[in-house]
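Chemist: Sharing upload-v2.cif here; it has mmCIF, C-alpha atoms.
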```cif
data_my_file
#
loop_
_atom_site.label_atom_id
_atom_site.label_comp_id
_atom_site.auth_asym_id
_atom_site.auth_seq_id
_atom_site.Cartn_x
_atom_site.Cartn_y
_atom_site.Cartn_z
CA MET H 1 30.36 28.06 27.95
CA THR H 2 28.79 27.40 31.30
CA HIS H 3 27.81 24.01 32.58
CA ARG H 4 24.13 24.98 32.25
CA GLY H 5 24.64 26.17 28.67
CA ALA H 6 26.34 22.89 27.76
CA LEU H 7 23.46 20.87 29.21
CA THR H 8 20.92 22.99 27.33
CA GLY H 9 22.85 22.51 24.09
CA LEU H 10 23.10 18.77 24.67
CA PHE H 11 19.36 18.58 25.36
CA LEU H 12 18.56 20.50 22.15
CA VAL H 13 20.78 18.20 20.07
CA ALA H 14 19.19 15.12 21.66
CA ALA H 15 15.66 16.48 21.05
CA ALA H 16 16.45 17.32 17.41
CA THR H 17 17.96 13.86 16.88
CA PHE H 18 14.89 12.20 18.38
CA VAL H 19 12.54 14.19 16.10
CA LEU H 20 14.60 13.37 12.99
CA VAL H 21 14.86 9.67 13.80
CA TYR H 22 11.37 8.99 15.15
CA PHE H 23 9.11 11.38 13.21
CA GLN H 24 11.30 11.54 10.08
CA PRO H 25 9.91 14.90 8.88
CA GLN H 26 12.52 14.94 6.11
CA LYS H 27 10.50 12.25 4.31
CA LEU H 28 7.84 14.86 3.53
CA PHE H 29 10.39 16.37 1.13
CA ILE H 30 11.77 13.13 -0.30
CA ASN H 31 9.83 11.14 -2.88
CA LYS H 32 10.58 7.57 -3.90
CA THR H 33 9.27 6.67 -7.35
CA VAL H 34 8.74 3.05 -8.43
CA HIS H 35 8.17 1.83 -11.99
CA GLY H 36 7.16 -1.81 -11.45
CA ALA H 37 5.97 -3.63 -14.56
CA ALA H 38 2.55 -5.23 -14.46
CA PRO H 39 2.61 -9.01 -14.05
CA PRO H 40 2.02 -10.72 -17.41
CA LEU H 41 -1.40 -12.36 -17.53
CA ARG H 42 -1.01 -15.82 -19.09
CA SER H 43 -3.55 -18.50 -19.82
CA ALA H 44 -3.14 -22.02 -21.15
CA SER H 45 -3.46 -20.57 -24.66
CA GLY H 46 -0.87 -17.81 -24.16
CA LEU H 47 -0.62 -14.19 -23.16
CA VAL H 48 -3.93 -12.61 -22.15
CA GLY H 49 -2.75 -9.05 -21.65
CA GLN H 50 -0.15 -6.88 -19.96
CA GLY H 51 -1.60 -5.37 -16.83
CA PRO H 52 -5.12 -4.83 -15.64
CA PRO H 53 -7.85 -3.16 -17.66
CA SER H 54 -9.45 -0.17 -15.96
CA VAL H 55 -12.63 -2.17 -15.25
CA PRO H 56 -12.79 -5.98 -15.13
CA THR H 57 -15.26 -7.60 -17.50
CA SER H 58 -15.90 -10.56 -15.22
CA ALA H 59 -14.25 -12.10 -12.20
CA PRO H 60 -11.99 -15.03 -13.10
CA THR H 61 -12.70 -18.38 -11.53
CA ASN H 62 -10.19 -20.83 -10.06
CA HIS H 63 -6.83 -19.95 -11.63
CA THR H 64 -8.12 -18.13 -14.68
CA PRO H 65 -5.80 -15.16 -15.17
CA GLY H 66 -7.28 -11.70 -14.94
CA VAL H 67 -8.23 -8.75 -12.81
CA LEU H 68 -10.26 -9.76 -9.78
CA SER H 69 -10.93 -6.21 -8.57
CA THR H 70 -10.05 -2.57 -9.24
CA GLY H 71 -10.75 0.46 -7.03
CA TRP H 72 -9.62 4.04 -6.48
CA PHE H 73 -7.58 5.05 -3.45
CA ARG H 74 -9.35 7.26 -0.93
CA SER H 75 -7.26 9.75 1.07
CA TYR H 76 -7.08 9.62 4.86
CA GLU H 77 -4.19 11.30 6.72
CA HIS H 78 -2.40 12.34 3.51
CA ALA H 79 -3.67 13.23 0.03
CA SER H 80 -3.44 10.10 -2.10
CA ARG H 81 -4.57 8.97 -5.55
CA GLY H 82 -4.35 6.08 -7.98
CA THR H 83 -5.89 2.65 -8.37
CA ALA H 84 -5.38 -0.65 -6.62
CA SER H 85 -6.15 -3.84 -8.53
CA VAL H 86 -6.05 -7.45 -7.46
CA ILE H 87 -4.57 -9.54 -10.29
CA GLN H 88 -4.47 -13.32 -10.58
CA LEU H 89 -2.07 -15.14 -12.86
CA GLY H 90 -2.72 -18.47 -14.56
CA ASP H 91 -0.65 -20.32 -11.97
CA GLY H 92 -2.83 -18.90 -9.16
CA GLU H 93 -0.28 -16.32 -7.99
CA ARG H 94 -2.00 -13.07 -6.97
CA PHE H 95 -0.83 -9.49 -6.67
CA ALA H 96 -2.08 -6.17 -5.36
CA ARG H 97 -1.11 -3.74 -8.15
CA PHE H 98 -0.98 0.04 -7.70
CA GLU H 99 -1.12 2.23 -10.80
CA ASN H 100 -0.76 5.99 -11.13
CA PHE H 101 -0.26 5.88 -7.36
CA ARG H 102 0.81 8.91 -5.35
CA THR H 103 0.82 9.70 -1.64
CA SER H 104 3.07 11.48 0.84
CA ASN H 105 6.17 9.71 1.99
CA GLY H 106 6.34 8.80 5.65
CA PRO H 107 8.00 6.59 8.24
CA ASP H 108 7.27 2.88 8.32
CA LEU H 109 4.57 2.76 5.62
CA ARG H 110 3.07 -0.69 5.04
CA VAL H 111 0.61 -2.26 2.60
CA TYR H 112 -2.25 -4.12 4.29
CA LEU H 113 -5.28 -6.06 3.17
CA SER H 114 -7.90 -5.15 5.77
CA THR H 115 -11.32 -6.53 6.66
CA THR H 116 -12.50 -2.91 7.16
CA PRO H 117 -14.09 -1.37 4.04
CA SER H 118 -12.14 1.44 2.33
CA SER H 119 -14.74 3.92 3.61
CA GLY H 120 -13.42 3.33 7.14
CA PRO H 121 -13.42 4.17 9.94
CA GLY H 122 -9.68 4.66 9.44
CA GLY H 123 -8.68 3.56 12.91
CA ASN H 124 -10.13 0.08 12.25
CA PHE H 125 -7.91 -0.85 9.28
CA ALA H 126 -5.31 -2.46 11.56
CA ASP H 127 -7.85 -4.44 13.62
CA HIS H 128 -7.94 -7.44 11.24
CA TYR H 129 -5.42 -7.37 8.42
CA VAL H 130 -2.65 -9.18 6.58
CA GLU H 131 0.53 -7.27 5.76
CA LEU H 132 1.84 -7.50 2.19
CA GLY H 133 5.08 -5.63 2.95
CA GLN H 134 6.63 -2.20 3.19
CA LEU H 135 5.46 0.42 0.69
CA LYS H 136 8.04 0.32 -2.10
CA GLY H 137 7.60 3.94 -3.08
CA ASN H 138 5.18 6.78 -2.50
CA ILE H 139 4.88 7.42 -6.25
CA GLY H 140 4.43 5.04 -9.17
CA ASP H 141 3.30 1.63 -10.30
CA GLN H 142 4.09 -1.30 -8.00
CA ASN H 143 3.16 -4.89 -7.17
CA TYR H 144 2.72 -6.75 -3.87
CA VAL H 145 2.42 -10.54 -3.73
CA ILE H 146 -0.70 -11.79 -1.96
CA PRO H 147 0.17 -15.06 -0.17
CA THR H 148 -1.68 -18.09 -1.51
CA GLN H 149 -3.12 -18.94 1.92
CA VAL H 150 -4.91 -15.55 2.10
CA SER H 151 -8.64 -15.82 1.34
CA LEU H 152 -9.50 -12.64 -0.55
CA GLN H 153 -13.19 -13.00 0.30
CA ARG H 154 -12.29 -12.08 3.88
CA TYR H 155 -10.77 -8.69 2.99
CA ALA H 156 -12.49 -5.50 1.87
CA SER H 157 -9.66 -3.04 1.23
CA VAL H 158 -6.03 -2.42 0.36
CA VAL H 159 -4.55 0.09 2.84
CA ILE H 160 -1.43 2.22 3.03
CA TRP H 161 -0.80 2.18 6.78
CA CYS H 162 1.74 4.15 8.83
CA LYS H 163 2.74 1.54 11.38
CA ARG H 164 4.77 3.95 13.50
CA PHE H 165 1.81 6.28 14.17
CA SER H 166 -1.08 3.83 13.59
CA VAL H 167 -2.81 5.94 10.94
CA PRO H 168 -4.01 5.21 7.41
CA PHE H 169 -2.65 7.27 4.53
CA ALA H 170 -5.06 5.78 1.94
CA ALA H 171 -7.40 2.86 1.24
CA ALA H 172 -8.93 1.33 -1.89
CA PRO H 173 -11.81 -1.18 -2.08
CA ILE H 174 -11.32 -4.77 -3.19
CA VAL H 175 -14.41 -6.66 -4.17
CA THR H 176 -14.07 -10.31 -5.10
CA SER H 177 -16.63 -13.04 -5.53
#
```
Rewrite the structure of this file - the entire thing - as structure tokens.

Modeler:
Amino acid sequence: MTHRGALTGLFLVAAATFVLVYFQPQKLFINKTVHGAAPPLRSASGLVGQGPPSVPTSAPTNHTPGVLSTGWFRSYEHASRGTASVIQLGDGERFARFENFRTSNGPDLRVYLSTTPSSGPGGNFADHYVELGQLKGNIGDQNYVIPTQVSLQRYASVVIWCKRFSVPFAAAPIVTS
């Protein structure tokens, strides 16, 4: 092999390695399924229910357990579906809960609460947000703790955000009183 051929080969290996590490195209073919149980809703009198109903009957006040909000995911860069609910437990702990959730897998996917409504524009979701953590799986039911210091009235949507490429995969509305 000539010196030039060796350099070309080395360049091709380096380029392929960069693409695999940075863009992670293999994730398009790898699904991660999560089966997280819904947080148990408890009140002073006992168990209220297991998981959120499809539509809340009324917004709980103070630390009354229940579903504060439920909305459908809207697709952005990748086809997505499912619901996102905001659930409050009797002790005041809150969760973003995804059910029947499905999106494409991707590199560095995060879950955000954003001040931008779920209708977009998509590029604005990362302007004012709080991160709830890395996406646990691109398929399935899952929970994300919402820190107690976060004022839900400030946020309008739950967003699946690709931090590496600064694009939204999906967003769902949250509406709280």

Chemist: Between atom CA of Val67 of chain H and atom CA of Ala126 of chain H, what is the spacing in Å?

Modeler: 25.3 Å

Chemist: Leaving out Ile174 of chain H and any residue of its chain fewer than 5 positions from it, which residues lie within 7 Å of it when counting all atoms listed in the file, given as a ChimeraX atom specification?

Modeler: /H:69-71,156-158

Chemist: I'd like the residues picked by the PyMOL selection byres ((chain H and resi 151) around 12) written out as a list in words, using the chain letters and numbers from the file.

Modeler: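 That expression, the PyMOL selection byres ((chain H and resi 151) around 12), corresponds here to Arg94, Leu113, Ser114, Thr115, Tyr129, Val130, Ile146, Pro147, Thr148, Gln149, Val150, Leu152, Gln153, Arg154, Tyr155, Ala156, Thr176 and Ser177 of chain H.
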
Chemist: Residues near segment 98-106 of chain H, anyone? I mean within 8 Å using all atoms listed in the file, not counting same-chain ones fewer than 2 positions away, as a list in words.

Modeler: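 Contacts, in chain order: Gln24, Pro25, Lys27, Leu28, Phe29, Ile30, Asn31, Lys32, His78, Ala79, Ser80, Arg81, Gly82, Thr83, Ala84, Ser85, Ala96, Asp108, Leu109, Gly137, Asn138, Ile139, Gly140, Asp141, Gln142, Asn143, Cys162, Phe169 and Ala170 of chain H.
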
Chemist: Check the smallest atom-to-atom distance from each of H:Arg164, H:Lys136, H:Arg4, H:His63 to Gln88 of chain H using all atoms listed in the file, then report the winner.

Modeler: H:His63
